Each structure stands twice: as C-alpha cells, then as structure tokens.
Amino acid sequence: MATMRSDAIIGNTLLKVRDLKTHFFTEDGVVKAVDGVDFDVKRGEIFGLVGESGCGKSVTALSIMRLIEKPGKTVEGEIIFDGNSIRDLSEQDMMDMRGSRISMIFQQPQSSLNPVFTIGGQVAEVLQMHKFMDKEESWERAVDLLARMGIADAEIKAKAYPHELSGGQAQRVMIAMALAMVPDMLIADEPTNALDVTIQAQILDLLRDMKEKMETSIIVITHDLGVIAEMVDRVAVMYAGRIVEQTDVAALFAEPHHPYTIGLMASVPVLGRVNDHLAVIPGSVPNLINLPPGCRFAPRCRARVEHELKICNEVEPELQAIKLGHTVRCWLYHNHGDHQAPMKVE
Ligand SMILES: Nc1ncnc2c1ncn2[C@@H]1O[C@H](COP(=O)(O)OP(=O)(O)O)[C@@H](O)[C@H]1O
Ligand code: SF4
Ligand SMILES: [Mg+2]
C-alpha cells in the first residue's frame with residue numbers, strides 16, 4: 001500500500017482530520033453538510049461525535065471511509081490515517097484499507113448484511129479473506145466469535161440468514177465481522193439507536209471490550225449524550241456542519257461551555273425515557289444551503305439575546321482553546337470590540 005508519511009503524525013495520533021469539507025451539489029444549491037471539521041483520534045481511545053440529527057456526523061464518517069456518493073464530494077481538507085493521506089490513496093488501496101484497517105458499523109445492521117448468505121458464512125468469509133484461514137477453520141472461528149458476542153446457540157444461529165435475526169443480534173454479527181478483521185479503527189454510527197436499552201448496554205460493553213482487548217480506536221457517532229457519558233474518552237459536539245466544542249468527556253459533563261452543548265445537556269435522557277432535545281432547544285438546525293451569516297447557532301441562542309451580542313449575527317467565531325485540550329466556538333469566550341470575554345451562560 002502506498003504510504004505518505006506526514007510530519008504532523010506525532011505521538012499516538014492514529015487519525016487526523018483537518019478542515020474537512022464535504023458538500024452535496026444538489027439542484028436546490030450546495031448543501032454544506034460538513035464544512036471545516038478538525039479532530040484527532042488517538043490510538044486505543046474512544047472518540048465521540050455528538051449532535052442532533054442532520055448536523056453532519058454520518059457525512060463526516062463516510063468522508064473518512066471515502067464512501068461519499070454523488071452529488072456529494074469531499075472538496076477540501078486532510079484525512080491522515082496512520083501516515084496515509086486517505087484522500088490521495090488509489091481506489092484499490094482504499095479498498096484494502098477499508099477491508100483490513102478501518103471498519104464501520106451502521107445504524108441499520110440488517111441492511112449492511114448480505115441477505116443471501118448465512119451470518120456464519122459472512123463472518124467466515126472475512127476470516128478467509130483477511131486471516132487466510134481455510135473454510136473449516138474460518139467456520140469454527142466464526143461460530144466462536146458469534147458465541148463471544150453473546151449469541152446464544154451460536155452453532156445453530158451461524159446457519160441463520162440476516163432476516164431471521166433481531167436488531168440486537170444483527171448488530172452483534174456486525175461487531176463480530178469487525179472483530180474478525182482486527183481493525184486499527186472502528187467507526188460505529190449510531191450503533192445502538194434501533195435497540196432497546198438492555199441490548200444497547202450490552203452492545204456498548206462489547207465495543208468497550210474490543211477497545212480494551214485489541215486496542216482498537218473507536219469513533220462513536222450518536223445523537224445521545226447518554227451513550228457519550230457511558231463509553232467515550234474525548235468528544236466533539238457538532239452543529240450544522242461544524243464542531244462547536246471539543247474536550248474530554250469528564251470536562252464536557254462537568255462544565256459544558258457552548259450554549260448548544262448546554263442545551264443538549266439539559267435534555268440528557270434518563271434511562272428509558274424518550275429523548276426530546278428539540279423541546280429544550282427551540283428552533284431547528286439551519287438549512288445547510290443558506291446558512292445564516294455569523295454563528296450558525298445564533299437563531300436559537302438565548303445567551304446571545306441575554307448578553308445582547310451583535311457580533312454573533314455578523315462574524316462566525318473560531319474554534320478556540322479556553323484551556324488545554326478544551327476548545328469552544330462561541331463569542332462568549334472570545335474577546336471582541338463589543339464585549340469582554342468570558343461571559344456567563346445562565
Ligand atoms: N445524498 C445527500 N444529498 C443531499 N444532502 C445530503 C445527502 N446526504 C446527507 N445530506 C445532508 O447532509 C447533512 C448532514 O447529514 P448527516 O451527516 O447524515 O447528519 P447526521 O448523521 O448528523 O444526522 C443533512 O443536512 C443532510 O440532509
Ligand atoms: S457565538 Fe453567540 S450566538 Fe453563537 S453560540 Fe455563542 S453566544 Fe450563541
Ligand atoms: Mg447520521
């Protein structure tokens with residue numbers, strides 16, 4: 001595989017994303033789904049991307065996987081994975097990368113499985129391709145992996161087809177396939193969204209286990225701060241195609257800074273209760289074709305009104321450090337001619 005060493009890869013950073021822009025060129029205009037996103041994922045850490053539906057989380061993940069389809073296109077930015085510039089790899093090298101080093105599991109596991117093959121056969125195939133096992137050995141190992149994923153009667157269940165599985169079982173099969181590959185990084189896009197809370201907790205346990213035993217880096221994508229609290233080390237909060245706050249998870253929950261994060265926090269779901277952020281943060285994510293000038297959150301921001309900040313509607317704030325390892329994109333924390341930062345958010 002062609003490798004491009006980047007000096008920027010230092011220490012234990014596995015993935016580095018800089019100024020990533022992925023836009024959709026639609027008949028109605030350019031949808032700026034991801035519009036200048038920066039983050040790093042370290043080796044062996046669980047990194048979270050959180051935000052309401054439509055803020056660009058899945059498009060960010062698909063851009064890293066290079067799975068964006070027309071009319072979408074990554075128009076700018078760097079994605080460096082273990083020294084390889086993902087955007088510069090040949091299609092063949094990218095396929096090898098997806099097959100062996102980065103894998104992704106999706107919200108709808110059933111639709112990611114091939115309906116005409118047994119689940120055991122699908123896990124075994126991954127082992128044959130990546131671990132060069134023969135048919136018999138790969139089948140035994142597949143059954144073993146399914147059992148370790150908590151699939152009861154794995155020997156019998158391995159012969160089942162995807163439509164015979166529940167959502168939780170299908171997600172376990174997807175994780176078994178990801179494990180069979182022993183990837184350096186796993187992207188889990190809303191991995192527990194369609195599942196009930198008990199199964200949800202079990203799937204999160206499996207992912208945590210995978211990180212601990214195999215030192216896999218994991219990006220967990222979710223709209224649910226409960227999932228973030230449960231398993232993530234560091235987290236980026238996304239809003240309208242941008243990261244608005246980024247820090248370690250303890251700091252985020254102890255002292256959220258961005259008014260959007262504070263709004264999301266106010267609606268952290270209690271176990272078993274329906275998540276209803278929209279009731280807490282008035283309004284909705286802006287149309288990504290005609291974005292407001294200035295801060296993208298301004299139309300929904302109470303702090304802006306309380307502090308009478310005119311700048312918010314005029315100039316978009318930068319993502320800036322407020323302390324080591326904690327960045328925020330908000331005028332409340334950055335000085336400007338018309339006010340002195342930091343200002344307090346009620
Ligand atoms: N194929 C597409 N064509 C046009 N717009 C798209 C397409 N895919 C995604 N988008 C837009 O990109 C934005 C971000 O979507 P997405 O990343 O799926 O959000 P999230 O995963 O955070 O819910 C949304 O406004 C969505 O409508
Ligand atoms: S920059 Fe202004 S409008 Fe945007 S989140 Fe901060 S206070 Fe609110
Ligand atoms: Mg999504």
# chains A, B, ... in the order shown; residues from 1 in each chain; ligands from 1

$ residues_near_ligand --ligand "ligand 2" --cutoff "12 Å" --atoms "only C-alpha atoms and all ligand atoms" --output "ChimeraX atom specification"
/A:239-240,243-245,257-263,292-320,328-336,339,341-346

$ residues_around --residues "segment 168-179 of chain A" --least-positions-apart "6" --cutoff "9 Å" --atoms "only C-alpha atoms" --output "ChimeraX atom specification"
/A:102-110,112-113,119-120,122-124,126-127,142,145-146,148-151,162,186,191-192,194-196,199-200,203,206-207,210,214

$ write_last_selection --atoms "N, CA, C and O atoms" --output "short mmCIF file (atom, residue, chain, number, x, y, z; two decimals), in the first residue's frame"
data_model
loop_
_atom_site.label_atom_id
_atom_site.label_comp_id
_atom_site.auth_asym_id
_atom_site.auth_seq_id
_atom_site.Cartn_x
_atom_site.Cartn_y
_atom_site.Cartn_z
N ILE A 102 -9.66 -0.07 8.70
CA ILE A 102 -10.74 0.76 9.24
C ILE A 102 -12.04 0.04 8.91
O ILE A 102 -12.28 -0.30 7.75
N SER A 103 -12.89 -0.17 9.92
CA SER A 103 -14.19 -0.71 9.55
C SER A 103 -15.29 0.14 10.16
O SER A 103 -15.04 0.94 11.06
N MET A 104 -16.48 -0.03 9.63
CA MET A 104 -17.59 0.83 10.07
C MET A 104 -18.82 -0.03 10.30
O MET A 104 -19.10 -0.93 9.51
N ILE A 105 -19.52 0.25 11.39
CA ILE A 105 -20.81 -0.40 11.58
C ILE A 105 -21.90 0.66 11.59
O ILE A 105 -21.68 1.78 12.03
N PHE A 106 -23.05 0.28 11.06
CA PHE A 106 -24.10 1.26 10.79
C PHE A 106 -25.29 1.08 11.71
O PHE A 106 -25.45 0.06 12.38
N GLN A 107 -26.14 2.10 11.65
CA GLN A 107 -27.35 2.12 12.47
C GLN A 107 -28.31 0.99 12.12
O GLN A 107 -28.98 0.45 12.98
N GLN A 108 -28.39 0.65 10.84
CA GLN A 108 -29.31 -0.41 10.41
C GLN A 108 -28.51 -1.65 10.06
O GLN A 108 -28.21 -1.88 8.89
N PRO A 109 -28.13 -2.45 11.05
CA PRO A 109 -27.21 -3.56 10.77
C PRO A 109 -27.76 -4.54 9.73
O PRO A 109 -27.01 -5.06 8.91
N GLN A 110 -29.08 -4.77 9.76
CA GLN A 110 -29.64 -5.75 8.82
C GLN A 110 -29.32 -5.40 7.37
O GLN A 110 -29.00 -6.27 6.58
N SER A 112 -26.82 -3.89 6.27
CA SER A 112 -25.40 -3.99 5.92
C SER A 112 -24.97 -5.45 5.72
O SER A 112 -23.88 -5.72 5.26
N LEU A 113 -25.85 -6.38 6.10
CA LEU A 113 -25.51 -7.80 5.93
C LEU A 113 -26.08 -8.28 4.59
O LEU A 113 -27.10 -7.78 4.12
N ILE A 119 -25.19 -15.94 8.35
CA ILE A 119 -24.33 -14.99 9.08
C ILE A 119 -22.98 -15.63 9.41
O ILE A 119 -21.94 -14.97 9.34
N GLY A 120 -22.98 -16.92 9.71
CA GLY A 120 -21.71 -17.61 9.97
C GLY A 120 -20.83 -17.56 8.72
O GLY A 120 -19.63 -17.30 8.81
N GLN A 122 -20.85 -15.31 6.45
CA GLN A 122 -20.33 -13.95 6.21
C GLN A 122 -19.16 -13.63 7.13
O GLN A 122 -18.19 -13.00 6.72
N VAL A 123 -19.25 -14.07 8.39
CA VAL A 123 -18.13 -13.83 9.31
C VAL A 123 -16.93 -14.67 8.84
O VAL A 123 -15.79 -14.19 8.80
N ALA A 124 -17.21 -15.92 8.43
CA ALA A 124 -16.13 -16.81 7.99
C ALA A 124 -15.42 -16.24 6.76
O ALA A 124 -14.19 -16.33 6.63
N VAL A 126 -14.93 -13.15 6.00
CA VAL A 126 -13.98 -12.10 6.42
C VAL A 126 -12.68 -12.75 6.88
O VAL A 126 -11.58 -12.30 6.55
N LEU A 127 -12.81 -13.83 7.64
CA LEU A 127 -11.62 -14.52 8.16
C LEU A 127 -10.81 -15.17 7.03
O LEU A 127 -9.58 -15.17 7.06
N ALA A 142 -15.65 -18.46 13.29
CA ALA A 142 -16.82 -17.59 13.18
C ALA A 142 -17.84 -17.93 14.26
O ALA A 142 -18.38 -17.05 14.93
N LEU A 145 -16.57 -16.67 17.50
CA LEU A 145 -16.72 -15.21 17.62
C LEU A 145 -18.18 -14.84 17.92
O LEU A 145 -18.44 -13.98 18.76
N LEU A 146 -19.12 -15.50 17.24
CA LEU A 146 -20.54 -15.20 17.46
C LEU A 146 -20.92 -15.54 18.90
O LEU A 146 -21.66 -14.79 19.54
N ARG A 148 -18.89 -15.51 21.44
CA ARG A 148 -18.28 -14.47 22.30
C ARG A 148 -19.04 -13.16 22.26
O ARG A 148 -18.98 -12.35 23.17
N MET A 149 -19.77 -12.94 21.16
CA MET A 149 -20.60 -11.74 21.05
C MET A 149 -21.93 -11.92 21.80
O MET A 149 -22.80 -11.06 21.73
N GLY A 150 -22.08 -13.06 22.45
CA GLY A 150 -23.29 -13.27 23.25
C GLY A 150 -24.46 -13.80 22.45
O GLY A 150 -25.62 -13.67 22.85
N ILE A 151 -24.19 -14.39 21.28
CA ILE A 151 -25.27 -15.00 20.51
C ILE A 151 -25.50 -16.42 21.03
O ILE A 151 -24.60 -17.26 20.98
N PRO A 162 -29.72 -13.27 7.63
CA PRO A 162 -29.93 -12.00 8.33
C PRO A 162 -31.39 -11.69 8.71
O PRO A 162 -31.64 -11.18 9.79
N LEU A 186 -12.43 1.50 14.36
CA LEU A 186 -13.81 1.15 14.06
C LEU A 186 -14.66 2.42 14.17
O LEU A 186 -14.53 3.16 15.14
N PRO A 191 -24.66 3.07 16.79
CA PRO A 191 -24.67 1.60 16.83
C PRO A 191 -25.82 1.01 17.63
O PRO A 191 -26.15 -0.16 17.46
N THR A 192 -26.43 1.82 18.49
CA THR A 192 -27.46 1.24 19.37
C THR A 192 -28.81 1.92 19.21
O THR A 192 -29.71 1.69 19.99
N ALA A 194 -31.39 1.67 17.20
CA ALA A 194 -32.64 0.96 16.97
C ALA A 194 -32.90 -0.10 18.04
O ALA A 194 -33.82 -0.90 17.92
N LEU A 195 -32.09 -0.13 19.10
CA LEU A 195 -32.16 -1.23 20.05
C LEU A 195 -32.75 -0.79 21.39
O LEU A 195 -32.63 0.37 21.77
N ASP A 196 -33.33 -1.75 22.11
CA ASP A 196 -33.86 -1.37 23.42
C ASP A 196 -32.72 -1.23 24.42
O ASP A 196 -31.59 -1.67 24.18
N ILE A 199 -30.29 -4.21 25.53
CA ILE A 199 -29.42 -4.65 24.44
C ILE A 199 -28.39 -3.55 24.15
O ILE A 199 -27.21 -3.83 23.92
N GLN A 200 -28.86 -2.30 24.20
CA GLN A 200 -27.98 -1.15 23.99
C GLN A 200 -26.76 -1.22 24.92
O GLN A 200 -25.62 -1.10 24.48
N ILE A 203 -24.36 -3.98 23.86
CA ILE A 203 -23.57 -3.65 22.65
C ILE A 203 -22.43 -2.67 23.03
O ILE A 203 -21.29 -2.82 22.59
N LEU A 206 -19.67 -4.55 24.55
CA LEU A 206 -18.87 -5.27 23.54
C LEU A 206 -17.85 -4.34 22.91
O LEU A 206 -16.69 -4.71 22.70
N LEU A 207 -18.30 -3.13 22.59
CA LEU A 207 -17.38 -2.18 21.95
C LEU A 207 -16.25 -1.79 22.90
O LEU A 207 -15.08 -1.73 22.50
N MET A 210 -13.78 -4.51 23.07
CA MET A 210 -12.97 -4.54 21.85
C MET A 210 -11.83 -3.55 21.95
O MET A 210 -10.69 -3.84 21.58
N MET A 214 -8.20 -5.30 22.16
CA MET A 214 -7.49 -5.21 20.88
C MET A 214 -6.88 -3.83 20.63
O MET A 214 -6.30 -3.59 19.59
#

$ residues_around --residues "Asp35 of chain A" --least-positions-apart "5" --cutoff "8 Å" --atoms "only C-alpha atoms" --output "PyMOL selection string"
chain A and resi 19-23+241-242

$ closest_residue --among "A:Lys159, A:Lys131, A:Arg234, A:Lys73" --to "Arg87 of chain A" --atoms "only C-alpha atoms"
A:Lys73

$ residues_around --residues "segment 26-30 of chain A" --least-positions-apart "4" --cutoff "9 Å" --atoms "only C-alpha atoms" --output "PyMOL selection string"
chain A and resi 71-72+288-290

$ closest_atom_pairs --of "chain A" --to "ligand 3" --cutoff "8 Å" --atoms "only C-alpha atoms and all ligand atoms" --output "Markdown table"
| residue | atom | partner | partner_atom_place_in_ligand_line | distance |
| --- | --- | --- | --- | --- |
| A:Ser53 | CA | ligand 3 | 1 (Mg) | 6.4 |
| A:Gly54 | CA | ligand 3 | 1 (Mg) | 6.8 |
| A:Gly56 | CA | ligand 3 | 1 (Mg) | 7.1 |
| A:Lys57 | CA | ligand 3 | 1 (Mg) | 5.5 |
| A:Ser58 | CA | ligand 3 | 1 (Mg) | 4.1 |
| A:Val59 | CA | ligand 3 | 1 (Mg) | 7.3 |
| A:Asp189 | CA | ligand 3 | 1 (Mg) | 6.7 |
| A:Glu190 | CA | ligand 3 | 1 (Mg) | 7.0 |
| A:Ile221 | CA | ligand 3 | 1 (Mg) | 7.6 |
| A:Thr222 | CA | ligand 3 | 1 (Mg) | 7.7 |

$ write_last_selection --atoms "all heavy atoms" --output "PDB file, in the first residue's frame"
ATOM      1  N   SER A  53     -29.697  15.259  14.884  1.00  0.00           N
ATOM      2  CA  SER A  53     -29.793  14.678  13.557  1.00  0.00           C
ATOM      3  C   SER A  53     -29.601  15.773  12.490  1.00  0.00           C
ATOM      4  O   SER A  53     -30.100  16.886  12.643  1.00  0.00           O
ATOM      5  CB  SER A  53     -31.187  14.048  13.445  1.00  0.00           C
ATOM      6  OG  SER A  53     -31.381  13.613  12.158  1.00  0.00           O
ATOM      7  N   GLY A  54     -28.838  15.457  11.459  1.00  0.00           N
ATOM      8  CA  GLY A  54     -28.655  16.392  10.350  1.00  0.00           C
ATOM      9  C   GLY A  54     -27.481  17.346  10.512  1.00  0.00           C
ATOM     10  O   GLY A  54     -27.295  18.254   9.705  1.00  0.00           O
ATOM     11  N   GLY A  56     -24.242  16.545  10.418  1.00  0.00           N
ATOM     12  CA  GLY A  56     -23.070  16.189   9.613  1.00  0.00           C
ATOM     13  C   GLY A  56     -22.221  15.057  10.165  1.00  0.00           C
ATOM     14  O   GLY A  56     -21.112  14.819   9.681  1.00  0.00           O
ATOM     15  N   LYS A  57     -22.737  14.332  11.143  1.00  0.00           N
ATOM     16  CA  LYS A  57     -21.942  13.265  11.770  1.00  0.00           C
ATOM     17  C   LYS A  57     -21.676  12.114  10.788  1.00  0.00           C
ATOM     18  O   LYS A  57     -20.538  11.699  10.597  1.00  0.00           O
ATOM     19  CB  LYS A  57     -22.661  12.724  13.021  1.00  0.00           C
ATOM     20  CG  LYS A  57     -23.022  13.804  14.031  1.00  0.00           C
ATOM     21  CD  LYS A  57     -23.681  13.234  15.272  1.00  0.00           C
ATOM     22  CE  LYS A  57     -25.019  12.536  15.051  1.00  0.00           C
ATOM     23  NZ  LYS A  57     -26.118  13.418  14.613  1.00  0.00           N
ATOM     24  N   SER A  58     -22.747  11.608  10.168  1.00  0.00           N
ATOM     25  CA  SER A  58     -22.564  10.466   9.256  1.00  0.00           C
ATOM     26  C   SER A  58     -21.744  10.872   8.030  1.00  0.00           C
ATOM     27  O   SER A  58     -20.916  10.083   7.558  1.00  0.00           O
ATOM     28  CB  SER A  58     -23.918   9.923   8.783  1.00  0.00           C
ATOM     29  OG  SER A  58     -24.616   9.388   9.867  1.00  0.00           O
ATOM     30  N   VAL A  59     -21.966  12.080   7.547  1.00  0.00           N
ATOM     31  CA  VAL A  59     -21.201  12.522   6.373  1.00  0.00           C
ATOM     32  C   VAL A  59     -19.716  12.621   6.725  1.00  0.00           C
ATOM     33  O   VAL A  59     -18.849  12.276   5.918  1.00  0.00           O
ATOM     34  CB  VAL A  59     -21.769  13.860   5.800  1.00  0.00           C
ATOM     35  CG1 VAL A  59     -20.864  14.415   4.717  1.00  0.00           C
ATOM     36  CG2 VAL A  59     -23.187  13.650   5.269  1.00  0.00           C
ATOM     37  N   ASP A 189     -21.564   4.106  13.775  1.00  0.00           N
ATOM     38  CA  ASP A 189     -22.513   5.198  13.529  1.00  0.00           C
ATOM     39  C   ASP A 189     -23.866   4.844  14.135  1.00  0.00           C
ATOM     40  O   ASP A 189     -24.564   3.977  13.621  1.00  0.00           O
ATOM     41  CB  ASP A 189     -22.639   5.434  12.017  1.00  0.00           C
ATOM     42  CG  ASP A 189     -23.407   6.719  11.706  1.00  0.00           C
ATOM     43  OD1 ASP A 189     -23.907   7.363  12.653  1.00  0.00           O
ATOM     44  OD2 ASP A 189     -23.507   7.074  10.513  1.00  0.00           O
ATOM     45  N   GLU A 190     -24.219   5.507  15.219  1.00  0.00           N
ATOM     46  CA  GLU A 190     -25.467   5.233  15.961  1.00  0.00           C
ATOM     47  C   GLU A 190     -25.629   3.718  16.166  1.00  0.00           C
ATOM     48  O   GLU A 190     -26.649   3.142  15.778  1.00  0.00           O
ATOM     49  CB  GLU A 190     -26.690   5.799  15.204  1.00  0.00           C
ATOM     50  CG  GLU A 190     -26.598   7.267  14.827  1.00  0.00           C
ATOM     51  CD  GLU A 190     -27.132   8.226  15.898  1.00  0.00           C
ATOM     52  OE1 GLU A 190     -27.438   7.783  17.024  1.00  0.00           O
ATOM     53  OE2 GLU A 190     -27.211   9.427  15.602  1.00  0.00           O
ATOM     54  N   ILE A 221     -20.488   7.552  16.971  1.00  0.00           N
ATOM     55  CA  ILE A 221     -21.322   8.644  16.494  1.00  0.00           C
ATOM     56  C   ILE A 221     -22.708   8.470  17.090  1.00  0.00           C
ATOM     57  O   ILE A 221     -23.280   7.385  17.003  1.00  0.00           O
ATOM     58  CB  ILE A 221     -21.389   8.606  14.960  1.00  0.00           C
ATOM     59  CG1 ILE A 221     -20.001   8.909  14.412  1.00  0.00           C
ATOM     60  CG2 ILE A 221     -22.441   9.547  14.426  1.00  0.00           C
ATOM     61  CD1 ILE A 221     -19.932   8.887  12.915  1.00  0.00           C
ATOM     62  N   THR A 222     -23.219   9.518  17.707  1.00  0.00           N
ATOM     63  CA  THR A 222     -24.529   9.386  18.347  1.00  0.00           C
ATOM     64  C   THR A 222     -25.189  10.748  18.530  1.00  0.00           C
ATOM     65  O   THR A 222     -24.518  11.772  18.569  1.00  0.00           O
ATOM     66  CB  THR A 222     -24.377   8.685  19.722  1.00  0.00           C
ATOM     67  OG1 THR A 222     -25.659   8.590  20.339  1.00  0.00           O
ATOM     68  CG2 THR A 222     -23.440   9.424  20.653  1.00  0.00           C
TER      69      THR A 222
END

$ residues_around --residues "Ala160 of chain A" --least-positions-apart "5" --cutoff "10 Å" --atoms "only C-alpha atoms" --output "VMD selection string"
chain A and resid 117 to 121 154 to 155 165

$ select_by_dssp --residues "segment 39-125 of chain A" --states "strand (DSSP E or B)" --output "MDAnalysis selection string"
chainID A and resid 39:42 46:50 72:81 84:85 102:105

$ select_by_dssp --residues "segment 111-214 of chain A" --states "helix (DSSP H, G or I)" --output "number ranges by chain"
A: 111-112, 119-131, 135-148, 154-157, 162-164, 167-181, 197-214

$ closest_residue --among "A:Asp224, A:Asp96, A:Asp153, A:Glu91" --to "ligand 1" --atoms "only C-alpha atoms and all ligand atoms"
A:Asp224
